[in-house]
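J.: Input: one structure, supplied below.
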Amino acid sequence: MPTCNGCNKASSLSEVTTIQLEFNELTRITGDYKYKKATDRAMKAVLDHLPVDRLPRNYVDVESGSTSGTLTLGARGDSYYEYLLKQWIQTREHRLWEEYNQAVLSVNNKLVFNSLRNLTYIAEIVNNKKVSHKMDHLVCFLPGTLALGAHFGAPSWHLTLAEDLVRCCVAMYHTESGLPPEIVKFNEKSKLYSSSADEFSLLRPETVESLFVLWRVTHKPKYRAWAWDIYSAMERSAKHPTYGFSSMEKVKSKKPVRKGHLESFFLAETLKYLYLILAPDDIIPLERYVFNTEAHPFPIDTKFFSRPQPS
């Protein structure tokens, strides 16, 4: 059951704050502001009720806009941070830029930890006090978001943090199959490990998404090389010779243990970002398009969004 106050009237943070790009694009295409206004109201309700650290918890009271639960950049919280930045890229609304930069500062102060093995990771805070040294693979969207923000003018230390974090994400792939578990943890010796319940892989896109953005922003060859290693592991471990790719039941086994089904985001996102890492920069350039959380590119049309909105 959700661990939040009044969860019978709660939605997850990522559900409430991850439709804005799409509705903004509907407004741009149709010229009808009812779409943008509807999701702006939801976003404003959350922003107006943020705690002092500007980091919402992972459940939103749909009546008040206040949040409660776990402070996480993983499941139920991740794309709030992604869409703070990407809404600003799309519309250039100043409050979104301010909230994004303040959120990153607070994340850096409260949730960033370094292991004894020199891996930088993002922890969680449970019940507003207990630090949980657990990181979902979903959190690996963050290096790409940080790099994209730096590309558009955020402080340079955002890019440094992005490069540090993506090393931890890539380290998650250092398993017998070459594929990552769904969740990793750090014990008292700061060793990265996963429990048996978390040893599955859905071939998620977050790490290769971040490698794509980091490649476009820095053009460091290691990001292409790491992406190719990940794809090679998918070919080796997750691809059935007859039926194609499959999610993985166990990633710590040298003999592939496949689930027998495939998530749609593998085609929509994972393979798309792997292709774009190897493609020329003028294919869907970051200066002209912003990707939504499902890897669909929307044109950046700041001229349209700079017009006064009808009342």
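Order determines the names: the first chain of the structure tokens is A, the second B, and so forth; residues in each chain are numbered 1 upward, and ligands are numbered 1 upward as they are shown.
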List every residue of segment 3-236 of chain A that DSSP, applied to the backbone, labels as strand (DSSP E), and write the result as a PyMOL selection string.

T.: chain A and resi 10-12+59-61+67-68+112-114+120-122+124-126+130-132+134-136+183-186+192-193

J.: Find the spatial neighbours of Leu21 of chain A, counting only C-alpha atoms, within a cut-off of 10 Å - ignore same-chain residues fewer than 2 positions away - and output them as a list in words.

T.: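 With the cut-off at 10 Å, the set is Thr17, Thr18, Ile19, Phe23, Asn24, Glu25, Leu26, Thr27, Lys36, Thr39, Tyr83, Leu84, Lys86, Gln87, Trp88, Ile89, Gln90, Thr91, Val290, Phe291, Asn292, Thr293 and Phe298 of chain A.
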
J.: Those residues with N, CA, C and O atoms, as a compact mmCIF listing (two decimals), in the first residue's frame please?

T.:
# COMPACT_ATOMS: atom_id res chain seq x y z
N THR A 17 2.72 15.23 -12.88
CA THR A 17 3.63 16.24 -13.44
C THR A 17 4.38 15.76 -14.68
O THR A 17 5.41 16.32 -15.03
N THR A 18 3.83 14.74 -15.36
CA THR A 18 4.51 14.23 -16.55
C THR A 18 3.55 14.13 -17.73
O THR A 18 3.57 13.18 -18.51
N ILE A 19 2.70 15.13 -17.87
CA ILE A 19 1.84 15.23 -19.05
C ILE A 19 1.92 16.64 -19.65
O ILE A 19 1.31 16.91 -20.68
N PHE A 23 0.69 18.11 -23.43
CA PHE A 23 -0.45 19.03 -23.56
C PHE A 23 0.00 20.39 -24.09
O PHE A 23 -0.76 21.05 -24.81
N ASN A 24 1.22 20.79 -23.77
CA ASN A 24 1.76 22.01 -24.38
C ASN A 24 1.88 21.85 -25.89
O ASN A 24 1.58 22.77 -26.66
N GLU A 25 2.31 20.67 -26.31
CA GLU A 25 2.44 20.42 -27.75
C GLU A 25 1.07 20.40 -28.43
O GLU A 25 0.92 20.89 -29.56
N LEU A 26 0.06 19.85 -27.74
CA LEU A 26 -1.30 19.90 -28.29
C LEU A 26 -1.75 21.35 -28.49
O LEU A 26 -2.38 21.68 -29.50
N THR A 27 -1.43 22.20 -27.53
CA THR A 27 -1.78 23.61 -27.66
C THR A 27 -1.03 24.24 -28.83
O THR A 27 -1.61 25.01 -29.61
N LYS A 36 -2.94 23.34 -22.47
CA LYS A 36 -1.86 23.85 -21.64
C LYS A 36 -2.37 24.34 -20.29
O LYS A 36 -1.77 24.07 -19.24
N THR A 39 -3.01 21.40 -17.68
CA THR A 39 -1.84 20.80 -17.02
C THR A 39 -1.02 21.84 -16.27
O THR A 39 -0.33 21.49 -15.31
N TYR A 83 10.76 16.84 -16.19
CA TYR A 83 9.83 17.75 -16.85
C TYR A 83 9.93 19.18 -16.35
O TYR A 83 9.51 20.11 -17.05
N LEU A 84 10.47 19.42 -15.16
CA LEU A 84 10.76 20.80 -14.76
C LEU A 84 11.67 21.45 -15.79
O LEU A 84 11.41 22.56 -16.27
N LYS A 86 12.48 20.27 -18.90
CA LYS A 86 12.04 20.18 -20.29
C LYS A 86 10.87 21.10 -20.59
O LYS A 86 10.74 21.61 -21.71
N GLN A 87 10.04 21.36 -19.59
CA GLN A 87 8.99 22.37 -19.79
C GLN A 87 9.61 23.75 -19.99
O GLN A 87 9.13 24.55 -20.80
N TRP A 88 10.70 24.03 -19.25
CA TRP A 88 11.35 25.32 -19.43
C TRP A 88 11.96 25.41 -20.83
O TRP A 88 11.85 26.44 -21.51
N ILE A 89 12.60 24.34 -21.29
CA ILE A 89 13.18 24.33 -22.63
C ILE A 89 12.09 24.58 -23.67
O ILE A 89 12.29 25.30 -24.65
N GLN A 90 10.92 24.00 -23.43
CA GLN A 90 9.81 24.12 -24.38
C GLN A 90 9.17 25.49 -24.36
O GLN A 90 8.82 26.04 -25.41
N THR A 91 9.00 26.08 -23.16
CA THR A 91 8.21 27.31 -23.03
C THR A 91 9.00 28.53 -22.58
O THR A 91 8.54 29.66 -22.76
N VAL A 290 12.94 18.72 -28.05
CA VAL A 290 12.99 18.24 -26.67
C VAL A 290 12.25 16.91 -26.64
O VAL A 290 11.15 16.78 -27.19
N PHE A 291 12.86 15.91 -26.02
CA PHE A 291 12.26 14.58 -25.94
C PHE A 291 11.34 14.50 -24.72
O PHE A 291 11.73 14.90 -23.62
N ASN A 292 10.16 13.93 -24.92
CA ASN A 292 9.34 13.66 -23.75
C ASN A 292 9.86 12.41 -23.05
O ASN A 292 10.85 11.80 -23.47
N THR A 293 9.20 12.01 -21.99
CA THR A 293 9.74 10.92 -21.18
C THR A 293 9.62 9.56 -21.87
O THR A 293 10.19 8.58 -21.40
N PHE A 298 9.64 16.61 -29.56
CA PHE A 298 8.75 17.73 -29.85
C PHE A 298 9.58 18.93 -30.29
O PHE A 298 10.62 19.22 -29.68

J.: Apply DSSP to the structure's backbone, then extract all residues of segment 14-88 of chain A labelled alpha helix (DSSP H) and return them as a PyMOL selection string.

T.: chain A and resi 14-16+20-30+34-47+78-88

J.: Store the residues picked out above, limited to C-alpha atoms, as a PDB file, in the first residue's frame.

T.:
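File produced: out.pdb:
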ATOM      1  CA  SER A  14       5.237  11.493 -11.758  1.00  0.00           C
ATOM      2  CA  GLU A  15       1.658  10.928 -12.961  1.00  0.00           C
ATOM      3  CA  VAL A  16       0.564  14.458 -12.057  1.00  0.00           C
ATOM      4  CA  GLN A  20       2.737  18.903 -19.421  1.00  0.00           C
ATOM      5  CA  LEU A  21       5.019  18.592 -22.452  1.00  0.00           C
ATOM      6  CA  GLU A  22       2.406  16.627 -24.323  1.00  0.00           C
ATOM      7  CA  PHE A  23      -0.446  19.027 -23.556  1.00  0.00           C
ATOM      8  CA  ASN A  24       1.764  22.011 -24.382  1.00  0.00           C
ATOM      9  CA  GLU A  25       2.437  20.420 -27.753  1.00  0.00           C
ATOM     10  CA  LEU A  26      -1.301  19.900 -28.294  1.00  0.00           C
ATOM     11  CA  THR A  27      -1.777  23.612 -27.662  1.00  0.00           C
ATOM     12  CA  ARG A  28       1.016  24.493 -30.099  1.00  0.00           C
ATOM     13  CA  ILE A  29      -0.456  22.286 -32.819  1.00  0.00           C
ATOM     14  CA  THR A  30      -4.108  23.285 -32.361  1.00  0.00           C
ATOM     15  CA  LYS A  34      -7.270  24.661 -22.957  1.00  0.00           C
ATOM     16  CA  TYR A  35      -4.732  21.823 -23.033  1.00  0.00           C
ATOM     17  CA  LYS A  36      -1.856  23.854 -21.638  1.00  0.00           C
ATOM     18  CA  LYS A  37      -4.034  25.550 -19.035  1.00  0.00           C
ATOM     19  CA  ALA A  38      -5.304  22.223 -17.710  1.00  0.00           C
ATOM     20  CA  THR A  39      -1.844  20.798 -17.019  1.00  0.00           C
ATOM     21  CA  ASP A  40      -0.451  24.158 -15.904  1.00  0.00           C
ATOM     22  CA  ARG A  41      -3.012  24.111 -13.089  1.00  0.00           C
ATOM     23  CA  ALA A  42      -1.772  20.714 -11.947  1.00  0.00           C
ATOM     24  CA  MET A  43       1.868  21.819 -12.084  1.00  0.00           C
ATOM     25  CA  LYS A  44       1.146  25.053 -10.232  1.00  0.00           C
ATOM     26  CA  ALA A  45      -0.678  23.182  -7.467  1.00  0.00           C
ATOM     27  CA  VAL A  46       2.431  21.084  -6.826  1.00  0.00           C
ATOM     28  CA  LEU A  47       4.879  23.991  -7.094  1.00  0.00           C
ATOM     29  CA  ASP A  78      11.601  10.598 -11.457  1.00  0.00           C
ATOM     30  CA  SER A  79      10.004  12.471 -14.326  1.00  0.00           C
ATOM     31  CA  TYR A  80       8.887  15.420 -12.183  1.00  0.00           C
ATOM     32  CA  TYR A  81      12.505  16.602 -12.264  1.00  0.00           C
ATOM     33  CA  GLU A  82      12.919  15.753 -15.931  1.00  0.00           C
ATOM     34  CA  TYR A  83       9.831  17.752 -16.849  1.00  0.00           C
ATOM     35  CA  LEU A  84      10.757  20.796 -14.759  1.00  0.00           C
ATOM     36  CA  LEU A  85      13.704  21.304 -17.083  1.00  0.00           C
ATOM     37  CA  LYS A  86      12.045  20.177 -20.292  1.00  0.00           C
ATOM     38  CA  GLN A  87       8.990  22.372 -19.790  1.00  0.00           C
ATOM     39  CA  TRP A  88      11.351  25.322 -19.434  1.00  0.00           C
TER      40      TRP A  88
END

J.: For a quick check of understanding, using only C-alpha atoms, which of A:Thr218, A:Ser106, A:Ser11, A:Ser177 has the smallest distance to Glu63 of chain A?

T.: A:Ser11

J.: With only C-alpha atoms as the counted atoms, please give the residues lying no more than 8 Å from Tyr59 of chain A, apart from itself and same-chain residues fewer than 4 positions off, as a list in words.

T.: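 What passes the distance filter is Cys4, Cys7, Ala10, Ser11, Ser12, Leu13, Thr67, Ser68, Gly69, Thr70 and Arg76 of chain A.
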
J.: Only N, CA, C and O atoms, please: the residues just picked out, written as an mmCIF file, in the first residue's frame.

T.:
data_model
loop_
_atom_site.group_PDB
_atom_site.id
_atom_site.type_symbol
_atom_site.label_atom_id
_atom_site.label_comp_id
_atom_site.auth_asym_id
_atom_site.auth_seq_id
_atom_site.Cartn_x
_atom_site.Cartn_y
_atom_site.Cartn_z
ATOM 1 N N CYS A 4 1.726 7.116 2.401
ATOM 2 C CA CYS A 4 1.530 8.561 2.410
ATOM 3 C C CYS A 4 0.245 8.854 3.146
ATOM 4 O O CYS A 4 -0.584 7.978 3.377
ATOM 5 N N CYS A 7 -3.830 8.566 1.181
ATOM 6 C CA CYS A 7 -3.546 8.041 -0.146
ATOM 7 C C CYS A 7 -4.788 7.681 -0.951
ATOM 8 O O CYS A 7 -4.696 7.414 -2.138
ATOM 9 N N ALA A 10 -4.774 10.351 -3.430
ATOM 10 C CA ALA A 10 -3.436 10.708 -3.888
ATOM 11 C C ALA A 10 -3.121 10.087 -5.234
ATOM 12 O O ALA A 10 -3.611 9.011 -5.575
ATOM 13 N N SER A 11 -2.327 10.799 -6.000
ATOM 14 C CA SER A 11 -1.725 10.270 -7.228
ATOM 15 C C SER A 11 -0.216 10.325 -7.072
ATOM 16 O O SER A 11 0.307 11.098 -6.271
ATOM 17 N N SER A 12 0.477 9.519 -7.846
ATOM 18 C CA SER A 12 1.934 9.590 -7.780
ATOM 19 C C SER A 12 2.413 10.900 -8.402
ATOM 20 O O SER A 12 1.789 11.441 -9.326
ATOM 21 N N LEU A 13 3.492 11.402 -7.884
ATOM 22 C CA LEU A 13 4.049 12.674 -8.354
ATOM 23 C C LEU A 13 4.311 12.650 -9.857
ATOM 24 O O LEU A 13 4.002 13.609 -10.568
ATOM 25 N N THR A 67 2.449 17.207 -0.987
ATOM 26 C CA THR A 67 3.018 15.889 -1.237
ATOM 27 C C THR A 67 3.450 15.226 0.059
ATOM 28 O O THR A 67 3.737 15.889 1.059
ATOM 29 N N SER A 68 3.502 13.894 0.038
ATOM 30 C CA SER A 68 3.954 13.121 1.185
ATOM 31 C C SER A 68 4.515 11.806 0.680
ATOM 32 O O SER A 68 4.380 11.461 -0.504
ATOM 33 N N GLY A 69 5.163 11.073 1.592
ATOM 34 C CA GLY A 69 5.740 9.794 1.208
ATOM 35 C C GLY A 69 7.250 9.847 1.166
ATOM 36 O O GLY A 69 7.898 10.540 1.963
ATOM 37 N N THR A 70 7.833 9.141 0.221
ATOM 38 C CA THR A 70 9.286 9.006 0.108
ATOM 39 C C THR A 70 9.861 10.088 -0.791
ATOM 40 O O THR A 70 9.267 10.444 -1.812
ATOM 41 N N ARG A 76 7.868 6.692 -9.232
ATOM 42 C CA ARG A 76 6.821 7.633 -8.824
ATOM 43 C C ARG A 76 7.310 9.073 -8.629
ATOM 44 O O ARG A 76 6.511 9.947 -8.309
#

J.: Which is closest to Gly153 of chain A among A:Thr72, A:Ser264, A:Ser64, A:Asn101, if we use only C-alpha atoms?

T.: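 Of all the options, A:Asn101 lies closest to Gly153 of chain A.
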